[in-house]
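Text of input-v8.json (JSON, C-alpha atoms and all ligand atoms) as supplied:
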[["chain", "number", "residue", "atom", "x", "y", "z"],
["A", 288, "MET", "CA", 118.79, 116.93, 146.89],
["A", 289, "PRO", "CA", 116.03, 117.84, 144.40],
["A", 290, "ALA", "CA", 116.57, 120.85, 142.13],
["A", 291, "HIS", "CA", 113.15, 122.26, 142.93],
["A", 292, "TYR", "CA", 111.06, 123.25, 145.94],
["A", 293, "HIS", "CA", 108.71, 120.80, 147.64],
["A", 294, "ARG", "CA", 105.16, 120.84, 146.28],
["A", 295, "ILE", "CA", 103.85, 122.22, 149.61],
["A", 296, "ALA", "CA", 106.32, 125.15, 149.43],
["A", 297, "ILE", "CA", 105.30, 125.75, 145.79],
["A", 298, "THR", "CA", 101.57, 125.63, 146.62],
["A", 299, "LEU", "CA", 102.01, 128.05, 149.54],
["A", 300, "HIS", "CA", 104.22, 130.39, 147.44],
["A", 301, "TRP", "CA", 101.68, 130.81, 144.63],
["A", 302, "LEU", "CA", 98.55, 130.67, 146.78],
["A", 303, "ILE", "CA", 99.88, 133.43, 149.06],
["A", 304, "ALA", "CA", 101.10, 135.50, 146.08],
["A", 305, "VAL", "CA", 97.59, 135.48, 144.52],
["A", 306, "LEU", "CA", 95.86, 136.13, 147.87],
["A", 307, "LEU", "CA", 98.24, 139.03, 148.62],
["A", 308, "LEU", "CA", 97.46, 140.60, 145.25],
["A", 309, "GLY", "CA", 93.72, 140.44, 146.06],
["A", 310, "GLN", "CA", 94.28, 141.78, 149.60],
["A", 311, "TYR", "CA", 96.28, 144.74, 148.23],
["A", 312, "LEU", "CA", 93.57, 145.64, 145.73],
["A", 313, "PHE", "CA", 91.06, 145.37, 148.58],
["A", 314, "GLY", "CA", 93.23, 147.55, 150.88],
["A", 315, "TRP", "CA", 93.62, 150.28, 148.25],
["A", 316, "TYR", "CA", 89.90, 150.14, 147.45],
["A", 317, "LEU", "CA", 89.19, 150.92, 151.13],
["A", 318, "GLY", "CA", 90.57, 154.42, 150.46],
["A", 319, "ASP", "CA", 87.55, 155.07, 148.19],
["A", 320, "VAL", "CA", 84.93, 153.94, 150.71],
["A", 321, "PRO", "CA", 83.47, 156.99, 152.51],
["A", 322, "ARG", "CA", 84.40, 157.26, 156.21],
["A", 323, "ASN", "CA", 81.82, 157.00, 159.02],
["A", 324, "THR", "CA", 79.38, 154.94, 156.94],
["A", 325, "PRO", "CA", 78.06, 151.40, 157.65],
["A", 326, "GLU", "CA", 79.43, 150.45, 154.23],
["A", 327, "ARG", "CA", 82.99, 151.30, 155.36],
["A", 328, "GLY", "CA", 82.60, 149.27, 158.57],
["A", 329, "PHE", "CA", 81.43, 146.30, 156.47],
["A", 330, "PHE", "CA", 84.38, 146.43, 154.03],
["A", 331, "ILE", "CA", 86.99, 147.16, 156.73],
["A", 332, "ASN", "CA", 85.85, 144.14, 158.74],
["A", 333, "LEU", "CA", 85.94, 141.98, 155.62],
["A", 334, "HIS", "CA", 89.49, 143.20, 154.84],
["A", 335, "LYS", "CA", 90.53, 142.48, 158.44],
["A", 336, "SER", "CA", 89.00, 138.99, 158.27],
["A", 337, "THR", "CA", 90.58, 137.96, 154.95],
["A", 338, "GLY", "CA", 93.85, 139.55, 156.15],
["A", 339, "LEU", "CA", 93.86, 137.43, 159.32],
["A", 340, "LEU", "CA", 93.25, 134.24, 157.30],
["A", 341, "ILE", "CA", 96.10, 135.12, 154.92],
["A", 342, "GLY", "CA", 98.20, 135.84, 158.03],
["A", 343, "LEU", "CA", 97.58, 132.29, 159.28],
["A", 344, "LEU", "CA", 98.66, 130.89, 155.90],
["A", 345, "ILE", "CA", 101.81, 133.06, 156.06],
["A", 346, "LEU", "CA", 102.57, 131.72, 159.56],
["A", 347, "LEU", "CA", 102.10, 128.17, 158.26],
["A", 348, "ARG", "CA", 104.48, 128.96, 155.40],
["A", 349, "ILE", "CA", 107.13, 130.35, 157.74],
["A", 350, "VAL", "CA", 106.86, 127.30, 160.03],
["A", 351, "TRP", "CA", 107.18, 125.06, 156.95],
["A", 352, "ARG", "CA", 110.22, 127.01, 155.77],
["A", 353, "LEU", "CA", 111.93, 126.85, 159.16],
["A", 354, "THR", "CA", 111.48, 123.08, 159.31],
["A", 355, "HIS", "CA", 112.35, 122.27, 155.65],
["A", 356, "THR", "CA", 115.59, 123.08, 153.87],
["A", 357, "PRO", "CA", 115.09, 124.65, 150.40],
["A", 358, "PRO", "CA", 116.84, 123.08, 147.41],
["A", 359, "PRO", "CA", 120.47, 124.27, 147.19],
["A", 360, "LEU", "CA", 121.33, 126.93, 144.62],
["A", 361, "PRO", "CA", 123.50, 125.74, 141.70],
["A", 362, "ALA", "CA", 127.15, 125.43, 142.84],
["A", 363, "ALA", "CA", 128.23, 128.11, 140.34],
["A", 364, "THR", "CA", 125.99, 130.80, 141.94],
["A", 365, "PRO", "CA", 128.24, 133.76, 142.89],
["A", 366, "HIS", "CA", 128.57, 134.61, 146.58],
["A", 367, "TRP", "CA", 126.90, 138.04, 146.19],
["A", 368, "GLN", "CA", 123.88, 136.46, 144.50],
["A", 369, "ARG", "CA", 123.44, 133.96, 147.34],
["A", 370, "ARG", "CA", 123.60, 136.81, 149.86],
["A", 371, "ALA", "CA", 121.20, 138.98, 147.81],
["A", 372, "ALA", "CA", 118.73, 136.08, 147.52],
["A", 373, "ASN", "CA", 118.89, 135.32, 151.27],
["A", 374, "LEU", "CA", 118.50, 138.98, 152.21],
["A", 375, "SER", "CA", 115.63, 139.72, 149.86],
["A", 376, "HIS", "CA", 113.80, 136.49, 150.75],
["A", 377, "GLY", "CA", 114.24, 137.40, 154.43],
["A", 378, "MET", "CA", 112.73, 140.84, 153.76],
["A", 379, "LEU", "CA", 109.81, 139.26, 151.86],
["A", 380, "TYR", "CA", 109.06, 136.97, 154.83],
["A", 381, "ALA", "CA", 109.43, 139.82, 157.34],
["A", 382, "CYS", "CA", 107.05, 142.10, 155.39],
["A", 383, "MET", "CA", 104.58, 139.26, 154.79],
["A", 384, "LEU", "CA", 104.46, 138.70, 158.55],
["A", 385, "LEU", "CA", 104.33, 142.39, 159.47],
["A", 386, "MET", "CA", 101.37, 143.17, 157.18],
["A", 387, "PRO", "CA", 98.70, 141.14, 159.02],
["A", 388, "LEU", "CA", 100.44, 141.62, 162.39],
["A", 389, "SER", "CA", 100.45, 145.44, 162.21],
["A", 390, "GLY", "CA", 96.82, 145.44, 161.03],
["A", 391, "TYR", "CA", 95.81, 143.13, 163.86],
["A", 392, "LEU", "CA", 97.71, 145.15, 166.49],
["A", 393, "ALA", "CA", 96.23, 148.45, 165.21],
["A", 394, "SER", "CA", 92.70, 147.01, 165.43],
["A", 395, "ASN", "CA", 93.22, 146.11, 169.05],
["A", 396, "PHE", "CA", 94.08, 149.68, 169.98],
["A", 397, "SER", "CA", 90.83, 151.03, 168.55],
["A", 398, "LYS", "CA", 87.34, 150.62, 169.97],
["A", 399, "HIS", "CA", 86.29, 148.75, 166.81],
["A", 400, "GLY", "CA", 88.40, 145.61, 167.24],
["A", 401, "VAL", "CA", 87.65, 143.01, 164.56],
["A", 402, "LYS", "CA", 84.25, 141.65, 163.55],
["A", 403, "LEU", "CA", 85.16, 138.39, 161.80],
["A", 404, "PHE", "CA", 83.34, 138.29, 158.44],
["A", 405, "ASN", "CA", 80.91, 140.80, 159.97],
["A", 406, "MET", "CA", 79.57, 138.03, 162.19],
["A", 407, "VAL", "CA", 81.77, 137.27, 165.20],
["A", 408, "ARG", "CA", 83.02, 140.25, 167.21],
["A", 409, "LEU", "CA", 86.52, 139.86, 168.68],
["A", 410, "ALA", "CA", 86.57, 142.49, 171.41],
["A", 411, "PRO", "CA", 89.83, 144.51, 171.42],
["A", 412, "TRP", "CA", 92.27, 143.51, 174.17],
["A", 413, "GLY", "CA", 94.09, 146.91, 174.07],
["A", 414, "SER", "CA", 92.97, 150.40, 175.08],
["A", 415, "ASP", "CA", 91.31, 152.82, 172.64],
["A", 416, "ASP", "CA", 94.55, 154.75, 172.08],
["A", 417, "LYS", "CA", 94.84, 156.98, 169.01],
["A", 418, "VAL", "CA", 98.65, 157.28, 169.19],
["A", 419, "ILE", "CA", 99.31, 153.52, 169.36],
["A", 420, "TYR", "CA", 96.64, 152.95, 166.69],
["A", 421, "ALA", "CA", 98.28, 155.50, 164.38],
["A", 422, "PHE", "CA", 101.71, 153.88, 164.92],
["A", 423, "PHE", "CA", 100.55, 150.41, 163.86],
["A", 424, "ASN", "CA", 98.34, 151.82, 161.10],
["A", 425, "GLN", "CA", 101.29, 153.76, 159.66],
["A", 426, "THR", "CA", 103.43, 150.60, 159.98],
["A", 427, "HIS", "CA", 100.72, 148.76, 157.98],
["A", 428, "LYS", "CA", 100.79, 151.39, 155.21],
["A", 429, "LEU", "CA", 104.58, 151.70, 155.10],
["A", 430, "THR", "CA", 105.16, 147.93, 155.11],
["A", 431, "ALA", "CA", 102.65, 147.63, 152.25],
["A", 432, "LEU", "CA", 104.95, 149.85, 150.14],
["A", 433, "VAL", "CA", 108.18, 148.11, 151.22],
["A", 434, "LEU", "CA", 106.68, 144.71, 150.35],
["A", 435, "VAL", "CA", 105.66, 145.97, 146.88],
["A", 436, "ALA", "CA", 109.25, 147.18, 146.34],
["A", 437, "PHE", "CA", 110.74, 143.82, 147.33],
["A", 438, "VAL", "CA", 108.23, 141.86, 145.23],
["A", 439, "LEU", "CA", 109.17, 144.01, 142.21],
["A", 440, "LEU", "CA", 112.85, 143.36, 142.90],
["A", 441, "HIS", "CA", 112.04, 139.65, 143.27],
["A", 442, "ILE", "CA", 110.28, 139.60, 139.89],
["A", 443, "LEU", "CA", 113.18, 141.52, 138.28],
["A", 444, "ALA", "CA", 115.62, 138.95, 139.68],
["A", 445, "VAL", "CA", 113.55, 136.09, 138.22],
["A", 446, "LEU", "CA", 113.42, 137.91, 134.84],
["A", 447, "LYS", "CA", 117.21, 138.37, 134.92],
["A", 448, "HIS", "CA", 117.62, 134.62, 135.46],
["A", 449, "GLN", "CA", 115.17, 133.78, 132.67],
["A", 450, "LEU", "CA", 116.26, 136.30, 130.04],
["A", 451, "ILE", "CA", 119.95, 137.02, 130.74],
["A", 452, "ASP", "CA", 121.39, 134.01, 132.61],
["A", 453, "ARG", "CA", 118.88, 131.66, 130.88],
["A", 454, "ASP", "CA", 119.21, 129.16, 133.74],
["A", 455, "ASN", "CA", 115.44, 128.55, 134.03],
["A", 456, "LEU", "CA", 115.45, 129.37, 137.76],
["A", 457, "ILE", "CA", 111.66, 129.59, 137.74],
["A", 458, "SER", "CA", 111.38, 125.82, 137.25],
["A", 459, "ARG", "CA", 112.51, 125.50, 140.91],
["A", 460, "MET", "CA", 109.25, 127.17, 142.01],
["A", 461, "TRP", "CA", 106.98, 126.04, 139.15],
["A", 462, "PRO", "CA", 104.18, 123.50, 139.80],
["A", 463, "ARG", "CA", 104.63, 120.24, 137.86],
["A", 464, "ALA", "CA", 102.24, 117.40, 137.17],
["A", 465, "THR", "CA", 104.34, 114.51, 138.43],
["A", 466, "ARG", "CA", 107.06, 114.51, 141.03],
["A", 467, "PRO", "CA", 108.77, 111.82, 143.08],
["A", 468, "PRO", "CA", 107.32, 111.12, 146.56],
["A", 469, "PHE", "CA", 109.80, 112.85, 148.92],
["B", 1, "LIG", "C1", 98.28, 139.97, 154.35],
["B", 1, "LIG", "C2", 97.55, 140.82, 154.98],
["B", 1, "LIG", "C3", 97.23, 142.24, 154.61],
["B", 1, "LIG", "C4", 97.57, 143.01, 153.52],
["B", 1, "LIG", "C5", 98.45, 142.63, 152.35],
["B", 1, "LIG", "C6", 96.93, 144.31, 153.70],
["B", 1, "LIG", "C7", 97.04, 145.38, 152.82],
["B", 1, "LIG", "C8", 96.48, 146.62, 153.02],
["B", 1, "LIG", "C9", 96.65, 147.75, 152.13],
["B", 1, "LIG", "C10", 97.45, 147.75, 150.84],
["B", 1, "LIG", "C11", 95.95, 148.79, 152.67],
["B", 1, "LIG", "C12", 95.84, 150.22, 152.09],
["B", 1, "LIG", "C13", 96.94, 151.04, 152.69],
["B", 1, "LIG", "C14", 96.93, 152.48, 152.26],
["B", 1, "LIG", "O1", 95.85, 153.06, 152.10],
["B", 1, "LIG", "O2", 98.03, 153.04, 152.08],
["B", 1, "LIG", "C15", 95.34, 148.34, 153.89],
["B", 1, "LIG", "C16", 94.55, 149.11, 154.72],
["B", 1, "LIG", "C17", 94.02, 148.67, 155.90],
["B", 1, "LIG", "N1", 94.20, 147.44, 156.48],
["B", 1, "LIG", "FE1", 95.21, 145.88, 155.69],
["B", 1, "LIG", "N2", 96.23, 144.30, 154.87],
["B", 1, "LIG", "C18", 96.38, 143.05, 155.45],
["B", 1, "LIG", "C19", 95.85, 142.62, 156.65],
["B", 1, "LIG", "C20", 95.12, 143.41, 157.52],
["B", 1, "LIG", "C21", 94.64, 142.98, 158.82],
["B", 1, "LIG", "C22", 94.85, 141.57, 159.41],
["B", 1, "LIG", "C23", 93.99, 144.03, 159.37],
["B", 1, "LIG", "C24", 93.33, 144.14, 160.71],
["B", 1, "LIG", "C25", 92.98, 143.11, 161.48],
["B", 1, "LIG", "C26", 94.06, 145.14, 158.42],
["B", 1, "LIG", "C27", 93.49, 146.39, 158.61],
["B", 1, "LIG", "C28", 93.53, 147.42, 157.69],
["B", 1, "LIG", "C29", 92.86, 148.70, 157.88],
["B", 1, "LIG", "C30", 92.00, 149.10, 159.09],
["B", 1, "LIG", "C31", 93.16, 149.48, 156.75],
["B", 1, "LIG", "C32", 92.67, 150.91, 156.46],
["B", 1, "LIG", "C33", 93.67, 151.87, 157.01],
["B", 1, "LIG", "C34", 93.26, 153.31, 156.81],
["B", 1, "LIG", "O3", 92.70, 153.66, 155.77],
["B", 1, "LIG", "O4", 93.56, 154.10, 157.71],
["B", 1, "LIG", "N3", 94.76, 144.72, 157.29],
["B", 1, "LIG", "N4", 95.69, 147.01, 154.07],
["B", 2, "LIG", "C1", 103.46, 138.47, 146.45],
["B", 2, "LIG", "C2", 104.33, 138.00, 145.61],
["B", 2, "LIG", "C3", 105.50, 137.10, 145.99],
["B", 2, "LIG", "C4", 106.08, 136.85, 147.20],
["B", 2, "LIG", "C5", 105.71, 137.46, 148.56],
["B", 2, "LIG", "C6", 107.15, 135.89, 146.97],
["B", 2, "LIG", "C7", 107.99, 135.40, 147.97],
["B", 2, "LIG", "C8", 109.00, 134.49, 147.78],
["B", 2, "LIG", "C9", 109.90, 134.00, 148.80],
["B", 2, "LIG", "C10", 109.88, 134.44, 150.27],
["B", 2, "LIG", "C11", 110.74, 133.12, 148.23],
["B", 2, "LIG", "C12", 111.88, 132.36, 148.93],
["B", 2, "LIG", "C13", 111.53, 130.93, 149.14],
["B", 2, "LIG", "C14", 112.48, 130.31, 150.16],
["B", 2, "LIG", "O1", 113.59, 129.90, 149.79],
["B", 2, "LIG", "O2", 112.11, 130.25, 151.33],
["B", 2, "LIG", "C15", 110.39, 133.03, 146.83],
["B", 2, "LIG", "C16", 111.01, 132.22, 145.90],
["B", 2, "LIG", "C17", 110.75, 132.28, 144.55],
["B", 2, "LIG", "N1", 109.81, 133.07, 143.91],
["B", 2, "LIG", "FE1", 108.53, 134.32, 144.77],
["B", 2, "LIG", "N2", 107.21, 135.60, 145.65],
["B", 2, "LIG", "C18", 106.22, 136.33, 145.01],
["B", 2, "LIG", "C19", 105.94, 136.34, 143.66],
["B", 2, "LIG", "C20", 106.68, 135.70, 142.71],
["B", 2, "LIG", "C21", 106.50, 135.84, 141.28],
["B", 2, "LIG", "C22", 105.45, 136.73, 140.61],
["B", 2, "LIG", "C23", 107.42, 135.02, 140.69],
["B", 2, "LIG", "C24", 107.69, 134.82, 139.21],
["B", 2, "LIG", "C25", 107.93, 135.81, 138.42],
["B", 2, "LIG", "C26", 108.17, 134.37, 141.75],
["B", 2, "LIG", "C27", 109.18, 133.44, 141.56],
["B", 2, "LIG", "C28", 109.92, 132.85, 142.54],
["B", 2, "LIG", "C29", 110.97, 131.87, 142.30],
["B", 2, "LIG", "C30", 111.43, 131.34, 140.94],
["B", 2, "LIG", "C31", 111.49, 131.51, 143.55],
["B", 2, "LIG", "C32", 112.64, 130.51, 143.83],
["B", 2, "LIG", "C33", 113.94, 131.24, 143.92],
["B", 2, "LIG", "C34", 115.08, 130.28, 144.16],
["B", 2, "LIG", "O3", 115.12, 129.26, 143.47],
["B", 2, "LIG", "O4", 115.91, 130.53, 145.05],
["B", 2, "LIG", "N3", 107.70, 134.80, 142.96],
["B", 2, "LIG", "N4", 109.33, 133.88, 146.58]]
Rewrite the coordinates I just gave you, this time as structure tokens.
Ligand code: HEM
Ligand code: HEM
Amino acid sequence: MPAHYHRIAITLHWLIAVLLLGQYLFGWYLGDVPRNTPERGFFINLHKSTGLLIGLLILLRIVWRLTHTPPPLPAATPHWQRRAANLSHGMLYACMLLMPLSGYLASNFSKHGVKLFNMVRLAPWGSDDKVIYAFFNQTHKLTALVLVAFVLLHILAVLKHQLIDRDNLISRMWPRATRPPF
């Protein structure tokens, strides 16, 4: 077994990390756009559209992950660290999935629906229900915070491996110029 992730897993990991960073900045910027203005409608629909595309990439990543075994951790990895890695990676995947899903579900319980890139209107399939909308909207906001917490933990774990254990864990997820064709 190789000691690093497949190049497709590495590409999806870093591409999605960068896109998520942009989508977060976009989401927080929305808070500054005045409500009930055409400008807000424009930016919200753009955020929804980019969010749905990122959601498709996340789905692709999850399908890839379910059908491809990751490289095994070094044999000396303590049991608690294996469990912590599995749990936190599971939470990262769950939050990554819930972000676009909750946004999409909320949109379908509001009269606005989604206007893809402000061009193609996807009519909502749910009723215009303020309570259901608020539930999914709150889920979207709460999950955003939980995901940030787990990404910070994730980065701390990588730093611990680099600076304390000095086992160069990051090379498992780092893009490289040449790799064997498996
Ligand atoms: C990976 C995907 C996504 C990420 C990371 C993301 C992130 C965010 C963030 C950080 C906010 C600001 C939350 C806050 O103010 O506390 C936000 C707001 C929002 N997002 Fe997303 N989003 C994503 C996808 C979507 C999708 C697919 C939709 C709908 C189809 C959507 C609809 C909205 C709406 C309507 C708001 C404004 C909520 C409000 O101010 O009440 N998002 N998003
Ligand atoms: C939005 C940001 C990020 C998300 C959502 C994310 C998510 C993930 C997930 C889900 C895995 C598990 C892969 C699997 O086995 O299926 C993973 C692995 C990994 N990530 Fe991230 N990541 C992010 C940012 C980062 C950053 C900034 C770094 C570097 C500091 C990093 C370094 C790594 C490394 C080294 C691994 C492999 C761990 C191992 O060998 O078991 N990630 N990431």
Do you know which residues are within 8 Å of ligand LIG 1 (chain B) using only C-alpha atoms and all ligand atoms? Can you write them as a CSV table (one decimal) with C-alpha atoms, in the frame of the given file?
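selection13.csv, written as the output of this step:
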chain,number,residue,atom,x,y,z
A,306,LEU,CA,95.9,136.1,147.9
A,307,LEU,CA,98.2,139.0,148.6
A,308,LEU,CA,97.5,140.6,145.2
A,310,GLN,CA,94.3,141.8,149.6
A,311,TYR,CA,96.3,144.7,148.2
A,312,LEU,CA,93.6,145.6,145.7
A,313,PHE,CA,91.1,145.4,148.6
A,314,GLY,CA,93.2,147.6,150.9
A,315,TRP,CA,93.6,150.3,148.2
A,316,TYR,CA,89.9,150.1,147.4
A,317,LEU,CA,89.2,150.9,151.1
A,318,GLY,CA,90.6,154.4,150.5
A,331,ILE,CA,87.0,147.2,156.7
A,332,ASN,CA,85.8,144.1,158.7
A,334,HIS,CA,89.5,143.2,154.8
A,335,LYS,CA,90.5,142.5,158.4
A,336,SER,CA,89.0,139.0,158.3
A,337,THR,CA,90.6,138.0,155.0
A,338,GLY,CA,93.8,139.6,156.2
A,339,LEU,CA,93.9,137.4,159.3
A,340,LEU,CA,93.2,134.2,157.3
A,341,ILE,CA,96.1,135.1,154.9
A,342,GLY,CA,98.2,135.8,158.0
A,345,ILE,CA,101.8,133.1,156.1
A,383,MET,CA,104.6,139.3,154.8
A,384,LEU,CA,104.5,138.7,158.6
A,386,MET,CA,101.4,143.2,157.2
A,387,PRO,CA,98.7,141.1,159.0
A,388,LEU,CA,100.4,141.6,162.4
A,389,SER,CA,100.4,145.4,162.2
A,390,GLY,CA,96.8,145.4,161.0
A,391,TYR,CA,95.8,143.1,163.9
A,392,LEU,CA,97.7,145.2,166.5
A,393,ALA,CA,96.2,148.4,165.2
A,394,SER,CA,92.7,147.0,165.4
A,400,GLY,CA,88.4,145.6,167.2
A,401,VAL,CA,87.6,143.0,164.6
A,424,ASN,CA,98.3,151.8,161.1
A,425,GLN,CA,101.3,153.8,159.7
A,427,HIS,CA,100.7,148.8,158.0
A,428,LYS,CA,100.8,151.4,155.2
A,429,LEU,CA,104.6,151.7,155.1
A,431,ALA,CA,102.6,147.6,152.2
A,432,LEU,CA,105.0,149.8,150.1
With 6 Å on each side, where is the centre of the axis-aligned box around all listed atoms of segment 416-422 of chain A, and how long are its edges in Å to one decimal, as lines of an AutoDock Vina configuration file?
center_x = 98.1
center_y = 155.1
center_z = 168.2
size_x = 19.2
size_y = 16.3
size_z = 19.7
- Message: One decimal, in Å: what's the spacing between atom C18 of ligand LIG 2 (chain B) and atom CA of His300 of chain A?
- Response: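 Atom-to-atom, atom C18 of ligand LIG 2 (chain B) and atom CA of His300 of chain A are spaced 6.7 Å apart.
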I want to know what sits within 10 Å of Lys417 of chain A, based on all atoms listed in the file, with residues of the same chain fewer than 5 positions away left out; could you give that as a PDB file with C-alpha atoms, in the frame of the given file?
ATOM      1  CA  ALA A 393      96.230 148.450 165.210  1.00  0.00           C
ATOM      2  CA  PHE A 396      94.080 149.680 169.980  1.00  0.00           C
ATOM      3  CA  SER A 397      90.830 151.030 168.550  1.00  0.00           C
ATOM      4  CA  LYS A 398      87.340 150.620 169.970  1.00  0.00           C
ATOM      5  CA  PHE A 422     101.710 153.880 164.920  1.00  0.00           C
TER       6      PHE A 422
END
- Query: Please, which residues have at least one atom within 8 Å of an atom of ligand LIG 2 (chain B), using only C-alpha atoms and all ligand atoms, listed as a ChimeraX atom specification?
  - Reply: /A:291-292,296,300-301,303-305,307-308,352,357-358,360,372-373,375-380,383,434-435,438,441-443,445-446,456-461
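Between atom CA of Thr356 of chain A and atom CA of His293 of chain A lies a distance of 9.6 Å.
Considering all atoms listed in the file, the residue among A:Ile451, A:Ala371, A:Leu403, A:Cys382 positioned nearest to Phe329 of chain A is A:Leu403.
Between atom CA of Leu347 of chain A and atom CA of Ala410 of chain A there is a distance of 24.9 Å.
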- Item | Distance criterion (only C-alpha atoms): nearest to Phe423 of chain A out of A:Leu409, A:Leu333, A:Leu440, A:Leu385 |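 Looking at the shortest contact to Phe423 of chain A, the residue is A:Leu385.
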- Between A:Ala290, A:Ala421, A:Leu299, A:Leu343, which has the minimum distance to Asn395 of chain A (counting only C-alpha atoms)? A:Ala421
